[in-house]
>>> print(open('input.cif').read())   # mmCIF, C-alpha atoms and all ligand atoms
data_input
#
loop_
_atom_site.label_atom_id
_atom_site.label_comp_id
_atom_site.auth_asym_id
_atom_site.auth_seq_id
_atom_site.Cartn_x
_atom_site.Cartn_y
_atom_site.Cartn_z
CA MET A 600 -5.80 8.79 -9.00
CA ALA A 601 -6.71 9.18 -5.33
CA LYS A 602 -5.66 12.84 -5.48
CA TYR A 603 -8.23 13.59 -8.18
CA PHE A 604 -10.97 11.27 -6.92
CA ALA A 605 -10.76 12.31 -3.25
CA PRO A 606 -12.86 15.51 -3.59
CA LEU A 607 -15.59 13.49 -5.34
CA LEU A 608 -15.41 10.65 -2.82
CA ARG A 609 -15.80 13.15 0.02
CA LYS A 610 -19.11 14.22 -1.57
CA GLY A 611 -20.44 10.61 -1.57
CA THR A 612 -23.63 9.47 0.14
CA GLY A 613 -22.01 6.62 2.08
CA ALA A 614 -24.13 4.01 0.31
CA PHE A 615 -21.48 1.26 0.58
CA GLY A 616 -20.18 -0.44 3.69
CA HIS A 617 -21.42 -0.48 7.27
CA GLN A 618 -22.40 2.85 8.83
CA PHE A 619 -22.17 3.59 12.55
CA ALA A 620 -25.09 5.38 14.22
CA ASP A 621 -22.60 7.97 15.50
CA GLN A 622 -22.29 10.58 12.72
CA ALA A 623 -18.69 11.35 13.68
CA LYS A 624 -17.71 7.79 12.71
CA GLN A 625 -19.62 7.66 9.43
CA HIS A 626 -17.94 7.56 6.01
CA ARG A 627 -18.92 9.15 2.69
CA ALA A 628 -17.26 6.61 0.39
CA ILE A 629 -14.84 3.71 0.15
CA LEU A 630 -11.54 3.66 -1.71
CA VAL A 631 -10.20 0.18 -2.51
CA ASN A 632 -6.69 -0.45 -3.77
CA LEU A 633 -6.28 -3.87 -5.43
CA THR A 634 -3.11 -5.20 -3.91
CA ALA A 635 -1.64 -8.70 -3.54
CA LYS A 636 -0.64 -10.94 -0.66
CA VAL A 637 2.94 -10.87 -1.98
CA GLY A 638 2.99 -7.16 -1.05
CA SER A 639 2.82 -8.10 2.64
CA ILE A 640 6.28 -7.77 4.21
CA GLY A 641 5.16 -9.75 7.27
CA ASP A 642 3.80 -12.60 5.12
CA ASN A 643 6.87 -12.92 2.87
CA ALA A 644 8.41 -16.36 3.44
CA LEU A 645 9.55 -17.17 -0.12
CA GLY A 646 11.44 -14.21 -1.56
CA GLY A 647 11.47 -13.51 -5.30
CA TRP A 648 9.03 -11.31 -7.26
CA TYR A 649 11.03 -8.17 -6.38
CA SER A 650 9.26 -5.58 -8.55
CA TYR A 651 5.74 -6.87 -7.95
CA ARG A 652 6.25 -7.25 -4.18
CA MET A 653 7.81 -3.78 -3.96
CA SER A 654 5.06 -2.09 -6.00
CA LYS A 655 2.31 -3.69 -3.88
CA ALA A 656 4.11 -2.92 -0.59
CA ALA A 657 4.28 0.71 -1.78
CA LEU A 658 0.58 0.62 -2.67
CA ASN A 659 -0.21 -0.66 0.83
CA MET A 660 1.69 2.32 2.23
CA ALA A 661 -0.36 4.61 -0.02
CA THR A 662 -3.54 3.03 1.39
CA LYS A 663 -2.33 3.69 4.93
CA ASN A 664 -1.40 7.31 4.14
CA LEU A 665 -4.74 7.90 2.39
CA SER A 666 -6.65 6.37 5.31
CA ILE A 667 -5.07 8.93 7.64
CA GLU A 668 -5.59 11.94 5.38
CA LEU A 669 -9.11 10.98 4.23
CA GLY A 670 -10.06 9.96 7.77
CA ARG A 671 -9.90 13.58 8.96
CA GLY A 672 -12.77 16.03 9.16
CA LYS A 673 -16.49 15.53 8.67
CA THR A 674 -16.33 13.88 5.24
CA LYS A 675 -14.38 10.69 5.80
CA VAL A 676 -13.43 8.03 3.23
CA VAL A 677 -12.64 4.43 4.19
CA CYS A 678 -9.42 3.31 2.45
CA VAL A 679 -8.35 -0.34 2.29
CA SER A 680 -6.05 -2.67 0.37
CA LEU A 681 -7.70 -5.90 -0.85
CA HIS A 682 -6.04 -9.11 -2.08
CA PRO A 683 -8.36 -10.82 -4.61
CA GLY A 684 -6.84 -14.32 -4.27
CA THR A 685 -5.27 -16.05 -7.26
CA VAL A 686 -7.66 -15.23 -10.07
CA ASN A 687 -7.84 -16.74 -13.55
CA THR A 688 -6.73 -13.73 -15.62
CA ASP A 689 -3.98 -12.89 -18.13
CA LEU A 690 -1.78 -11.71 -15.26
CA SER A 691 -1.77 -15.06 -13.43
CA LYS A 692 -1.71 -17.28 -16.58
CA PRO A 693 2.03 -18.04 -16.40
CA TYR A 694 1.60 -19.46 -12.86
CA HIS A 695 -1.61 -21.55 -13.25
CA ARG A 696 0.37 -24.82 -13.40
CA ASN A 697 1.46 -24.35 -9.76
CA VAL A 698 -1.97 -23.37 -8.40
CA PRO A 699 -4.33 -26.09 -7.02
CA LYS A 700 -7.63 -26.07 -8.95
CA ASP A 701 -9.71 -24.98 -5.95
CA LYS A 702 -7.34 -22.05 -5.33
CA LEU A 703 -7.63 -20.58 -8.83
CA PHE A 704 -10.72 -18.34 -8.65
CA THR A 705 -12.93 -17.09 -11.44
CA PRO A 706 -13.07 -13.27 -11.59
CA GLU A 707 -16.79 -13.52 -10.66
CA TYR A 708 -16.05 -15.52 -7.48
CA SER A 709 -13.23 -13.19 -6.46
CA VAL A 710 -15.32 -10.04 -7.02
CA ASN A 711 -18.17 -11.58 -5.02
CA CYS A 712 -15.81 -12.21 -2.09
CA LEU A 713 -14.39 -8.68 -2.30
CA MET A 714 -17.90 -7.17 -2.39
CA ASN A 715 -18.77 -9.13 0.79
CA ILE A 716 -15.79 -7.51 2.50
CA ILE A 717 -16.64 -4.06 1.13
CA GLU A 718 -20.22 -4.34 2.44
CA ASN A 719 -18.79 -4.73 5.98
CA LEU A 720 -16.21 -1.94 5.86
CA ASP A 721 -16.36 1.03 8.20
CA MET A 722 -14.03 3.65 9.70
CA VAL A 723 -12.68 1.13 12.26
CA LYS A 724 -11.28 -0.93 9.39
CA THR A 725 -9.79 1.93 7.38
CA GLY A 726 -6.08 1.64 6.52
CA LYS A 727 -6.13 -2.16 6.72
CA PHE A 728 -5.18 -4.91 4.27
CA PHE A 729 -7.66 -7.77 3.79
CA ALA A 730 -7.58 -10.96 1.72
CA TRP A 731 -10.54 -12.27 -0.34
CA ASP A 732 -11.77 -14.41 2.61
CA GLY A 733 -11.92 -11.46 5.01
CA SER A 734 -8.75 -12.36 6.89
CA ALA A 735 -6.48 -9.42 7.69
CA LEU A 736 -3.00 -9.51 6.19
CA PRO A 737 -0.04 -7.86 7.89
CA CYS A 738 1.54 -4.99 5.94
CA LEU A 739 4.43 -5.45 8.36
CA LYS A 740 5.25 -7.90 11.15
CA GLY A 741 3.34 -6.96 14.28
CA ASP A 742 0.11 -5.97 12.51
CA THR A 743 -1.93 -8.77 14.03
CA THR A 744 -5.58 -7.96 13.55
CA VAL A 745 -7.94 -10.27 11.71
CA GLN A 746 -11.52 -9.88 10.44
CA ASP A 747 -13.88 -12.82 10.97
CA ARG A 748 -16.73 -13.73 8.58
CA SER A 749 -19.15 -11.39 10.36
CA GLY A 750 -16.81 -8.47 9.76
CA GLN A 751 -15.58 -8.24 13.39
CA ILE A 752 -11.91 -7.26 13.84
CA LYS A 753 -9.99 -9.56 16.21
CA SER A 754 -6.36 -10.03 17.10
CA ASN A 755 -4.96 -13.32 15.77
CA GLY A 756 -1.64 -12.87 17.54
CA ASP A 757 0.22 -15.26 15.26
CA VAL A 758 1.72 -13.04 12.56
N1 LIG B 801 -4.87 -12.27 -11.07
C1 LIG B 801 -4.39 -12.54 -9.87
O1 LIG B 801 -4.18 -13.73 -9.50
C2 LIG B 801 -4.08 -11.42 -8.91
C3 LIG B 801 -3.58 -11.76 -7.63
C4 LIG B 801 -3.32 -10.74 -6.73
C5 LIG B 801 -3.54 -9.42 -7.09
N2 LIG B 801 -4.00 -9.11 -8.34
C6 LIG B 801 -4.18 -7.69 -8.67
O2 LIG B 801 -5.48 -7.46 -9.20
C7 LIG B 801 -5.44 -6.40 -10.18
C8 LIG B 801 -6.05 -6.86 -11.49
O3 LIG B 801 -5.27 -7.96 -11.94
P1 LIG B 801 -5.65 -8.85 -13.20
O4 LIG B 801 -5.27 -10.24 -12.86
O5 LIG B 801 -7.07 -8.56 -13.64
O6 LIG B 801 -4.60 -8.27 -14.26
P2 LIG B 801 -4.65 -8.32 -15.85
O7 LIG B 801 -5.27 -9.59 -16.32
O8 LIG B 801 -3.24 -8.01 -16.28
O9 LIG B 801 -5.62 -7.09 -16.22
C9 LIG B 801 -5.22 -5.79 -15.88
C10 LIG B 801 -6.32 -4.85 -16.32
O10 LIG B 801 -5.88 -3.54 -16.01
C11 LIG B 801 -6.03 -2.72 -17.16
N3 LIG B 801 -4.95 -1.72 -17.17
C12 LIG B 801 -3.62 -1.93 -17.16
N4 LIG B 801 -2.95 -0.77 -17.17
C13 LIG B 801 -3.90 0.19 -17.16
C14 LIG B 801 -3.85 1.62 -17.19
N5 LIG B 801 -2.68 2.28 -17.17
N6 LIG B 801 -5.01 2.30 -17.18
C15 LIG B 801 -6.19 1.64 -17.17
N7 LIG B 801 -6.30 0.30 -17.16
C16 LIG B 801 -5.18 -0.41 -17.16
C17 LIG B 801 -5.90 -3.67 -18.34
O11 LIG B 801 -6.57 -3.10 -19.45
P3 LIG B 801 -6.35 -3.65 -20.95
O12 LIG B 801 -6.96 -5.00 -21.00
O13 LIG B 801 -7.09 -2.63 -21.75
O14 LIG B 801 -4.88 -3.64 -21.16
C18 LIG B 801 -6.59 -4.92 -17.81
O15 LIG B 801 -8.00 -4.84 -18.01
C19 LIG B 801 -3.94 -6.02 -10.30
O16 LIG B 801 -3.71 -4.89 -9.49
C20 LIG B 801 -3.21 -7.24 -9.74
O17 LIG B 801 -1.95 -6.91 -9.22
C21 LIG B 801 -4.28 -10.09 -9.25
#
>>> encode(input="input.cif", output="structure tokens")
Amino acid sequence: MAKYFAPLLRKGTGAFGHQFADQAKQHRAILVNLTAKVGSIGDNALGGWYSYRMSKAALNMATKNLSIELGRGKTKVVCVSLHPGTVNTDLSKPYHRNVPKDKLFTPEYSVNCLMNIIENLDMVKTGKFFAWDGSALPCLKGDTTVQDRSGQIKSNGDV
């Protein structure tokens, strides 16, 4: 999909996200891949879920690759992976029993959280993997940056 959408994204007006004053750091569009926390290799402490974990880890790699290729030239596109939290949908239905009530989000709540993150994205954050609350997730061990509520990237040093 990215292959076919990229030429259109590069023609965008940059209406979403945070724009730097410096034109060289501005973006034309934002590409968001919906991933899952279980796709984080660094965060995996439980095992299981082989196919789902592997497909999301691969998607995170695609995000990283795209961020490099669409970060070149004058018409840049911000590319990120976002984890929506555990959301009350058909996909998560089989697991609802094990999810505390306050951790099972409505789609509306989750989308609202993701839009808050998207509104703060810029070329500094491209290639990264964020959860619904703005915290940065490690694709691999050693990726230790975190985004606070104001959208600032910091190192959390504990991953
Ligand atoms: N729900 C969660 O707790 C959770 C947690 C982490 C990550 N995610 C991720 O969030 C995304 C959405 O999940 P969800 O919970 O909304 O899943 P879902 O309830 O299974 O819904 C998936 C949606 O994708 C559409 N779809 C599936 N295959 C498609 C295709 N080939 N082309 C076009 N549309 C297609 C389906 O359309 P139809 O209805 O027409 O089949 C459906 O609307 C997924 O990537 C999932 O991995 C979800």
>>> axis_aligned_box(input="input.cif", around="stretch 688-692 of chain A", padding_each_side="3 Å", output="JSON")
{"center_x": -4.2, "center_y": -14.5, "center_z": -15.8, "size_x": 11.0, "size_y": 11.6, "size_z": 10.7}
>>> closest_residue(input="input.cif", among="A:Lys624, A:Cys712, A:Asp642, A:Tyr649", to="A:Lys673", atoms="all atoms listed in the file")
A:Lys624
>>> closest_atom_pairs(input="input.cif", of="chain A", to="ligand LIG 801 (chain B)", cutoff="10 Å", atoms="all atoms listed in the file", output="JSON lines")
{"residue": "A:Asn632", "atom": "CA", "partner": "B:LIG801", "partner_atom": "O16", "distance": 7.8}
{"residue": "A:Leu633", "atom": "CA", "partner": "B:LIG801", "partner_atom": "O16", "distance": 4.9}
{"residue": "A:Thr634", "atom": "CA", "partner": "B:LIG801", "partner_atom": "C5", "distance": 5.3}
{"residue": "A:Ala635", "atom": "CA", "partner": "B:LIG801", "partner_atom": "C5", "distance": 4.1}
{"residue": "A:Lys636", "atom": "CA", "partner": "B:LIG801", "partner_atom": "C4", "distance": 6.6}
{"residue": "A:Val637", "atom": "CA", "partner": "B:LIG801", "partner_atom": "C4", "distance": 7.9}
{"residue": "A:Gly638", "atom": "CA", "partner": "B:LIG801", "partner_atom": "C5", "distance": 9.2}
{"residue": "A:Tyr651", "atom": "CA", "partner": "B:LIG801", "partner_atom": "O17", "distance": 7.8}
{"residue": "A:Arg652", "atom": "CA", "partner": "B:LIG801", "partner_atom": "O17", "distance": 9.6}
{"residue": "A:Ser654", "atom": "CA", "partner": "B:LIG801", "partner_atom": "O17", "distance": 9.1}
{"residue": "A:Lys655", "atom": "CA", "partner": "B:LIG801", "partner_atom": "O17", "distance": 7.6}
{"residue": "A:Leu658", "atom": "CA", "partner": "B:LIG801", "partner_atom": "O16", "distance": 9.8}
{"residue": "A:Leu681", "atom": "CA", "partner": "B:LIG801", "partner_atom": "C5", "distance": 8.3}
{"residue": "A:His682", "atom": "CA", "partner": "B:LIG801", "partner_atom": "C5", "distance": 5.6}
{"residue": "A:Pro683", "atom": "CA", "partner": "B:LIG801", "partner_atom": "C4", "distance": 5.5}
{"residue": "A:Gly684", "atom": "CA", "partner": "B:LIG801", "partner_atom": "C3", "distance": 5.3}
{"residue": "A:Thr685", "atom": "CA", "partner": "B:LIG801", "partner_atom": "O1", "distance": 3.4}
{"residue": "A:Val686", "atom": "CA", "partner": "B:LIG801", "partner_atom": "O1", "distance": 3.8}
{"residue": "A:Asn687", "atom": "CA", "partner": "B:LIG801", "partner_atom": "N1", "distance": 5.9}
{"residue": "A:Thr688", "atom": "CA", "partner": "B:LIG801", "partner_atom": "O7", "distance": 4.4}
{"residue": "A:Asp689", "atom": "CA", "partner": "B:LIG801", "partner_atom": "O7", "distance": 4.0}
{"residue": "A:Leu690", "atom": "CA", "partner": "B:LIG801", "partner_atom": "O8", "distance": 4.1}
{"residue": "A:Ser691", "atom": "CA", "partner": "B:LIG801", "partner_atom": "N1", "distance": 4.8}
{"residue": "A:Lys692", "atom": "CA", "partner": "B:LIG801", "partner_atom": "N1", "distance": 8.1}
{"residue": "A:Tyr694", "atom": "CA", "partner": "B:LIG801", "partner_atom": "O1", "distance": 8.8}
{"residue": "A:His695", "atom": "CA", "partner": "B:LIG801", "partner_atom": "O1", "distance": 9.0}
{"residue": "A:Val698", "atom": "CA", "partner": "B:LIG801", "partner_atom": "O1", "distance": 10.0}
{"residue": "A:Lys702", "atom": "CA", "partner": "B:LIG801", "partner_atom": "O1", "distance": 9.8}
{"residue": "A:Leu703", "atom": "CA", "partner": "B:LIG801", "partner_atom": "O1", "distance": 7.7}
{"residue": "A:Phe704", "atom": "CA", "partner": "B:LIG801", "partner_atom": "O1", "distance": 8.0}
{"residue": "A:Thr705", "atom": "CA", "partner": "B:LIG801", "partner_atom": "N1", "distance": 9.4}
{"residue": "A:Pro706", "atom": "CA", "partner": "B:LIG801", "partner_atom": "O5", "distance": 7.9}
{"residue": "A:Ser709", "atom": "CA", "partner": "B:LIG801", "partner_atom": "C1", "distance": 9.5}
{"residue": "A:Ala730", "atom": "CA", "partner": "B:LIG801", "partner_atom": "C4", "distance": 9.5}
{"residue": "A:Trp731", "atom": "CA", "partner": "B:LIG801", "partner_atom": "C4", "distance": 9.8}
>>> closest_residue(input="input.cif", among="A:Gly616, A:Gly611, A:Pro699, A:Gly641", to="A:Met722", atoms="only C-alpha atoms")
A:Gly616
>>> closest_residue(input="input.cif", among="A:Ala656, A:Gln622, A:Gly733, A:Asn719", to="A:Asn643", atoms="only C-alpha atoms")
A:Ala656
>>> atom_distance(input="input.cif", atom1="atom CA of A:Leu739", atom2="atom CA of A:Leu608")
27.9 Å
>>> atom_distance(input="input.cif", atom1="atom CA of A:Ser650", atom2="atom CA of A:Leu720")
29.5 Å
>>> atom_distance(input="input.cif", atom1="atom CA of A:Phe604", atom2="atom CA of A:Ile716")
21.6 Å
>>> decode(input="input.cif", residues="stretch 627-755 of chain A", atoms="C-alpha atoms", output="PDB file, in the first residue's frame")
ATOM      1  CA  ARG A 627       4.212  16.724   3.397  1.00  0.00           C
ATOM      2  CA  ALA A 628       2.166  13.945   5.011  1.00  0.00           C
ATOM      3  CA  ILE A 629       2.075  11.294   7.715  1.00  0.00           C
ATOM      4  CA  LEU A 630       1.931   7.543   7.194  1.00  0.00           C
ATOM      5  CA  VAL A 631       0.702   5.556  10.217  1.00  0.00           C
ATOM      6  CA  ASN A 632       0.968   1.789  10.463  1.00  0.00           C
ATOM      7  CA  LEU A 633      -1.366   0.294  13.091  1.00  0.00           C
ATOM      8  CA  THR A 634       0.849  -2.103  14.957  1.00  0.00           C
ATOM      9  CA  ALA A 635       0.649  -3.718  18.409  1.00  0.00           C
ATOM     10  CA  LYS A 636       2.770  -3.711  21.547  1.00  0.00           C
ATOM     11  CA  VAL A 637       3.239  -7.469  21.120  1.00  0.00           C
ATOM     12  CA  GLY A 638       5.259  -6.650  17.970  1.00  0.00           C
ATOM     13  CA  SER A 639       7.969  -5.079  20.141  1.00  0.00           C
ATOM     14  CA  ILE A 640      10.898  -7.498  20.476  1.00  0.00           C
ATOM     15  CA  GLY A 641      12.330  -5.473  23.377  1.00  0.00           C
ATOM     16  CA  ASP A 642       9.003  -5.507  25.250  1.00  0.00           C
ATOM     17  CA  ASN A 643       8.347  -9.258  24.845  1.00  0.00           C
ATOM     18  CA  ALA A 644       8.369 -10.842  28.308  1.00  0.00           C
ATOM     19  CA  LEU A 645       5.615 -13.457  27.852  1.00  0.00           C
ATOM     20  CA  GLY A 646       6.201 -15.379  24.629  1.00  0.00           C
ATOM     21  CA  GLY A 647       3.302 -16.874  22.662  1.00  0.00           C
ATOM     22  CA  TRP A 648       1.321 -15.205  19.846  1.00  0.00           C
ATOM     23  CA  TYR A 649       3.957 -16.232  17.276  1.00  0.00           C
ATOM     24  CA  SER A 650       2.217 -15.212  14.039  1.00  0.00           C
ATOM     25  CA  TYR A 651       0.765 -11.965  15.360  1.00  0.00           C
ATOM     26  CA  ARG A 652       4.021 -10.905  17.046  1.00  0.00           C
ATOM     27  CA  MET A 653       6.023 -11.764  13.920  1.00  0.00           C
ATOM     28  CA  SER A 654       3.668  -9.918  11.549  1.00  0.00           C
ATOM     29  CA  LYS A 655       3.726  -6.767  13.710  1.00  0.00           C
ATOM     30  CA  ALA A 656       7.524  -6.918  14.193  1.00  0.00           C
ATOM     31  CA  ALA A 657       7.786  -7.102  10.384  1.00  0.00           C
ATOM     32  CA  LEU A 658       5.398  -4.156  10.046  1.00  0.00           C
ATOM     33  CA  ASN A 659       7.578  -2.153  12.456  1.00  0.00           C
ATOM     34  CA  MET A 660      10.550  -2.900  10.210  1.00  0.00           C
ATOM     35  CA  ALA A 661       8.524  -1.688   7.216  1.00  0.00           C
ATOM     36  CA  THR A 662       7.802   1.549   9.103  1.00  0.00           C
ATOM     37  CA  LYS A 663      11.513   2.025   9.764  1.00  0.00           C
ATOM     38  CA  ASN A 664      12.439   1.325   6.123  1.00  0.00           C
ATOM     39  CA  LEU A 665       9.722   3.677   4.858  1.00  0.00           C
ATOM     40  CA  SER A 666      10.837   6.417   7.262  1.00  0.00           C
ATOM     41  CA  ILE A 667      14.312   6.290   5.728  1.00  0.00           C
ATOM     42  CA  GLU A 668      13.178   6.207   2.105  1.00  0.00           C
ATOM     43  CA  LEU A 669      10.369   8.767   2.502  1.00  0.00           C
ATOM     44  CA  GLY A 670      12.594  10.969   4.668  1.00  0.00           C
ATOM     45  CA  ARG A 671      14.842  11.781   1.700  1.00  0.00           C
ATOM     46  CA  GLY A 672      14.567  14.770  -0.604  1.00  0.00           C
ATOM     47  CA  LYS A 673      12.370  17.844  -0.413  1.00  0.00           C
ATOM     48  CA  THR A 674       9.021  16.062  -0.070  1.00  0.00           C
ATOM     49  CA  LYS A 675       9.292  14.133   3.173  1.00  0.00           C
ATOM     50  CA  VAL A 676       6.678  11.866   4.783  1.00  0.00           C
ATOM     51  CA  VAL A 677       6.654  11.090   8.517  1.00  0.00           C
ATOM     52  CA  CYS A 678       6.234   7.321   9.046  1.00  0.00           C
ATOM     53  CA  VAL A 679       5.367   5.824  12.437  1.00  0.00           C
ATOM     54  CA  SER A 680       3.991   2.657  14.009  1.00  0.00           C
ATOM     55  CA  LEU A 681       1.193   3.212  16.556  1.00  0.00           C
ATOM     56  CA  HIS A 682      -0.173   0.799  19.174  1.00  0.00           C
ATOM     57  CA  PRO A 683      -3.857   1.609  19.828  1.00  0.00           C
ATOM     58  CA  GLY A 684      -4.065  -0.067  23.267  1.00  0.00           C
ATOM     59  CA  THR A 685      -6.455  -2.951  23.880  1.00  0.00           C
ATOM     60  CA  VAL A 686      -9.579  -1.862  22.054  1.00  0.00           C
ATOM     61  CA  ASN A 687     -13.072  -3.344  22.245  1.00  0.00           C
ATOM     62  CA  THR A 688     -13.346  -4.815  18.733  1.00  0.00           C
ATOM     63  CA  ASP A 689     -13.972  -8.224  17.145  1.00  0.00           C
ATOM     64  CA  LEU A 690     -10.223  -8.859  17.110  1.00  0.00           C
ATOM     65  CA  SER A 691      -9.787  -8.540  20.889  1.00  0.00           C
ATOM     66  CA  LYS A 692     -13.124 -10.190  21.863  1.00  0.00           C
ATOM     67  CA  PRO A 693     -11.591 -13.580  22.743  1.00  0.00           C
ATOM     68  CA  TYR A 694      -9.280 -11.896  25.307  1.00  0.00           C
ATOM     69  CA  HIS A 695     -11.688  -9.447  27.029  1.00  0.00           C
ATOM     70  CA  ARG A 696     -12.019 -11.707  30.093  1.00  0.00           C
ATOM     71  CA  ASN A 697      -8.339 -11.115  30.965  1.00  0.00           C
ATOM     72  CA  VAL A 698      -8.377  -7.334  30.425  1.00  0.00           C
ATOM     73  CA  PRO A 699      -9.132  -4.986  33.382  1.00  0.00           C
ATOM     74  CA  LYS A 700     -12.180  -2.818  32.594  1.00  0.00           C
ATOM     75  CA  ASP A 701     -10.216   0.446  32.571  1.00  0.00           C
ATOM     76  CA  LYS A 702      -7.694  -1.052  30.112  1.00  0.00           C
ATOM     77  CA  LEU A 703     -10.277  -2.058  27.499  1.00  0.00           C
ATOM     78  CA  PHE A 704     -10.737   1.083  25.385  1.00  0.00           C
ATOM     79  CA  THR A 705     -13.633   2.071  23.165  1.00  0.00           C
ATOM     80  CA  PRO A 706     -12.568   2.630  19.536  1.00  0.00           C
ATOM     81  CA  GLU A 707     -13.487   6.333  19.991  1.00  0.00           C
ATOM     82  CA  TYR A 708     -11.157   6.734  22.999  1.00  0.00           C
ATOM     83  CA  SER A 709      -8.306   4.923  21.255  1.00  0.00           C
ATOM     84  CA  VAL A 710      -8.659   6.972  18.048  1.00  0.00           C
ATOM     85  CA  ASN A 711      -8.719  10.171  20.108  1.00  0.00           C
ATOM     86  CA  CYS A 712      -5.441   9.185  21.802  1.00  0.00           C
ATOM     87  CA  LEU A 713      -3.847   8.271  18.460  1.00  0.00           C
ATOM     88  CA  MET A 714      -4.954  11.588  16.914  1.00  0.00           C
ATOM     89  CA  ASN A 715      -3.306  13.450  19.840  1.00  0.00           C
ATOM     90  CA  ILE A 716      -0.047  11.686  19.007  1.00  0.00           C
ATOM     91  CA  ILE A 717      -0.438  12.325  15.268  1.00  0.00           C
ATOM     92  CA  GLU A 718      -0.982  16.052  15.890  1.00  0.00           C
ATOM     93  CA  ASN A 719       2.478  16.195  17.541  1.00  0.00           C
ATOM     94  CA  LEU A 720       4.415  14.179  14.957  1.00  0.00           C
ATOM     95  CA  ASP A 721       7.287  15.671  12.999  1.00  0.00           C
ATOM     96  CA  MET A 722      10.417  14.537  11.144  1.00  0.00           C
ATOM     97  CA  VAL A 723      12.323  14.060  14.432  1.00  0.00           C
ATOM     98  CA  LYS A 724       9.852  11.336  15.398  1.00  0.00           C
ATOM     99  CA  THR A 725       9.751   9.534  12.053  1.00  0.00           C
ATOM    100  CA  GLY A 726      10.546   5.799  12.132  1.00  0.00           C
ATOM    101  CA  LYS A 727       9.446   5.431  15.757  1.00  0.00           C
ATOM    102  CA  PHE A 728       6.910   3.208  17.496  1.00  0.00           C
ATOM    103  CA  PHE A 729       4.489   4.867  19.932  1.00  0.00           C
ATOM    104  CA  ALA A 730       1.737   3.528  22.201  1.00  0.00           C
ATOM    105  CA  TRP A 731      -1.705   5.161  22.617  1.00  0.00           C
ATOM    106  CA  ASP A 732      -0.465   7.223  25.624  1.00  0.00           C
ATOM    107  CA  GLY A 733       2.452   8.739  23.696  1.00  0.00           C
ATOM    108  CA  SER A 734       5.110   6.550  25.283  1.00  0.00           C
ATOM    109  CA  ALA A 735       7.732   5.221  22.883  1.00  0.00           C
ATOM    110  CA  LEU A 736       7.958   1.457  22.538  1.00  0.00           C
ATOM    111  CA  PRO A 737      11.211  -0.294  21.676  1.00  0.00           C
ATOM    112  CA  CYS A 738      11.203  -2.158  18.348  1.00  0.00           C
ATOM    113  CA  LEU A 739      14.338  -3.811  19.715  1.00  0.00           C
ATOM    114  CA  LYS A 740      16.229  -3.697  23.002  1.00  0.00           C
ATOM    115  CA  GLY A 741      18.335  -0.558  23.173  1.00  0.00           C
ATOM    116  CA  ASP A 742      15.772   1.737  21.536  1.00  0.00           C
ATOM    117  CA  THR A 743      15.241   3.854  24.629  1.00  0.00           C
ATOM    118  CA  THR A 744      13.518   7.036  23.600  1.00  0.00           C
ATOM    119  CA  VAL A 745      10.189   8.096  25.045  1.00  0.00           C
ATOM    120  CA  GLN A 746       7.696  10.845  24.135  1.00  0.00           C
ATOM    121  CA  ASP A 747       6.150  12.813  27.005  1.00  0.00           C
ATOM    122  CA  ARG A 748       2.609  14.263  26.934  1.00  0.00           C
ATOM    123  CA  SER A 749       3.819  17.479  25.305  1.00  0.00           C
ATOM    124  CA  GLY A 750       5.292  15.504  22.423  1.00  0.00           C
ATOM    125  CA  GLN A 751       8.937  15.938  23.517  1.00  0.00           C
ATOM    126  CA  ILE A 752      11.234  12.948  22.864  1.00  0.00           C
ATOM    127  CA  LYS A 753      13.304  11.914  25.901  1.00  0.00           C
ATOM    128  CA  SER A 754      15.473   8.953  26.756  1.00  0.00           C
ATOM    129  CA  ASN A 755      13.892   6.717  29.408  1.00  0.00           C
TER     130      ASN A 755
END
